[in-house]
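Asks: This is the structure I have questions about; it appears just below.
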Amino acid sequence: MQSLADIKALLAAHGLAPKHRLGQNFLHDPRKYALLMAAADIRPDDQVLEVGPGTGALTEHLLQAQARVLAVEIDADLEPILRQRLAGFGDRFHLIIADILAGKHQIDARVLAAVTAGGRPFKLIANLPYNVASPLLVNLAVDHPLMTRAVVMVQKEVADRLAAGPGGKDYGPLGILVQALCTVQVVGKLPPGCFWPPPQVDSAVVRLVRRDRPLTANPPALAALVHRLFHQRRKQIGTILGRSTPLPPGILPTARPETLTLEQLVQLSETLSAYNHTP
Ligand code: SAM
């Protein structure tokens, strides 16, 4: 367990201060670690991907629960702290110093190779830096079925979008794509005071659990459709897709994208895929 005093002392001993541009807001509330670990449901030898270990506070909880942790940290200044703190866990802890995102929608190839080695499932457990949360979660949910569960701390605004249902301003591609493949639950809220330094906004812990049966068999087609529709979310479906485009029963051309349920959007993407492939 790292207290706030421990985290401050670890950074100071290495001449470091939190870097705002890297989203370095360190969690120091023991009750929130308990909440996160309960949702993570770690079993011995579980493979965990942790993005942004910082000084290793969450990493220690995961390793003590007997997980094997692959941690990916962008800030090379933190490497000596992590190696010293976690040396006792031997080869259960593996650190890669890298940006988790190799491109806007791509995970670093070295990280992917390491975490999917042997075809074993893995969990993403992390206090995510604010700028990687959405692309990382969509990428893992859509392209990497070996990720079976994610328990992540994110900005409350991102949590709201991940869990949103039809009709509101938060409903859009992020939540639709992730919900088509995983169940999504917001398991707790975290006010700024849980972190040092405190961020400007509230945060939340979100749990994603991969569905045994995804709602779509063709995630790329659903992704292409929702990006097209929600780019013009105030327009009518018929206007966006063209009046001659066939729509499944129950979807009117006058409907607006944000009123369609997840099931209707999947149905629409399947109808359009079949239509586009009709010779
Ligand atoms: N795990 C620590 C905790 O819970 O207190 C720190 C979490 S802090 C919110 C985010 C961490 O992600 C920082 O250590 C930061 O350096 C790291 N980070 C930021 N951008 C990153 C990126 N693109 N790839 C990997 N790590 C990143």
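Each chain of the structure tokens is named A, B, ... in the order shown, its residues numbered from 1; ligands are numbered from 1 in display order.
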Considering only C-alpha atoms, tabulate each residue of stretch 157-228 of chain A that lies at most 9 Å from stretch 120-138 of chain A along with its nearest interatomic pair and the corresponding distance in Å to one decimal; arrange the rows by chain and ascending residue number and present them as a tab-separated table.

Replies:
residue	atom	partner	partner_atom	distance
A:Val158	CA	A:Ser134	CA	7.3
A:Leu162	CA	A:Ser134	CA	8.7
A:Leu174	CA	A:Val138	CA	6.8
A:Gly175	CA	A:Val138	CA	8.9
A:Leu177	CA	A:Val138	CA	7.0
A:Val178	CA	A:Val138	CA	6.1
A:Val205	CA	A:Asn127	CA	8.7

Asks: Can you work out which residues are within 8 Å of ligand 1, considering only C-alpha atoms and all ligand atoms, and then hand them over as a ChimeraX atom specification?

Replies: /A:19,21-28,50-59,72-75,78,97-101,126-132,195

Asks: Calculated over only C-alpha atoms, which of the candidates A:Ala38, A:Ala150, A:Ala141, A:Ala71 has the smallest distance to A:Val111?

Replies: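 Distance minimum relative to A:Val111 lands on A:Ala71.
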
Asks: Tell me which protein, DNA and RNA residues are within 12 Å of A:Lys169, counting only C-alpha atoms, leaving out same-chain ones fewer than 5 positions away, and put them as an MDAnalysis selection string.

Replies: chainID A and resid 157 160:164 175 230 233:234 257:259

Asks: Selected residues, N, CA and C atoms, written as an mmCIF file, in the first residue's frame, please.

Replies:
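And here is the file that came out, again_2.cif:
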data_model
loop_
_atom_site.group_PDB
_atom_site.id
_atom_site.type_symbol
_atom_site.label_atom_id
_atom_site.label_comp_id
_atom_site.auth_asym_id
_atom_site.auth_seq_id
_atom_site.Cartn_x
_atom_site.Cartn_y
_atom_site.Cartn_z
ATOM 1 N N GLU A 157 -16.895 11.884 -17.268
ATOM 2 C CA GLU A 157 -17.507 12.156 -18.577
ATOM 3 C C GLU A 157 -17.326 10.958 -19.527
ATOM 4 N N ASP A 160 -19.631 8.181 -18.310
ATOM 5 C CA ASP A 160 -21.017 8.443 -18.725
ATOM 6 C C ASP A 160 -21.228 8.049 -20.182
ATOM 7 N N ARG A 161 -20.223 8.334 -21.019
ATOM 8 C CA ARG A 161 -20.365 7.995 -22.440
ATOM 9 C C ARG A 161 -20.291 6.483 -22.654
ATOM 10 N N LEU A 162 -19.449 5.804 -21.871
ATOM 11 C CA LEU A 162 -19.329 4.340 -22.016
ATOM 12 C C LEU A 162 -20.636 3.643 -21.663
ATOM 13 N N ALA A 163 -21.346 4.189 -20.649
ATOM 14 C CA ALA A 163 -22.531 3.497 -20.132
ATOM 15 C C ALA A 163 -23.836 4.034 -20.715
ATOM 16 N N ALA A 164 -23.773 5.035 -21.587
ATOM 17 C CA ALA A 164 -24.995 5.749 -22.014
ATOM 18 C C ALA A 164 -25.940 4.873 -22.832
ATOM 19 N N GLY A 175 -19.773 4.407 -26.495
ATOM 20 C CA GLY A 175 -20.613 3.497 -25.722
ATOM 21 C C GLY A 175 -21.226 2.405 -26.589
ATOM 22 N N PHE A 230 -23.387 9.319 -36.255
ATOM 23 C CA PHE A 230 -23.275 10.248 -35.124
ATOM 24 C C PHE A 230 -22.452 11.478 -35.454
ATOM 25 N N ARG A 233 -25.494 13.768 -35.858
ATOM 26 C CA ARG A 233 -26.491 13.155 -34.991
ATOM 27 C C ARG A 233 -27.838 13.869 -34.971
ATOM 28 N N ARG A 234 -27.887 15.132 -35.381
ATOM 29 C CA ARG A 234 -29.168 15.853 -35.381
ATOM 30 C C ARG A 234 -29.967 15.607 -36.663
ATOM 31 N N PRO A 257 -30.295 9.487 -35.271
ATOM 32 C CA PRO A 257 -29.412 8.412 -34.792
ATOM 33 C C PRO A 257 -29.495 8.185 -33.295
ATOM 34 N N GLU A 258 -29.560 9.273 -32.517
ATOM 35 C CA GLU A 258 -29.452 9.079 -31.067
ATOM 36 C C GLU A 258 -30.687 8.442 -30.444
ATOM 37 N N THR A 259 -31.773 8.268 -31.250
ATOM 38 C CA THR A 259 -32.967 7.619 -30.701
ATOM 39 C C THR A 259 -32.941 6.103 -30.921
#

Asks: By how many Å are atom CA of A:Val151 and atom CA of A:Pro44 apart?

Replies: 17.0 Å
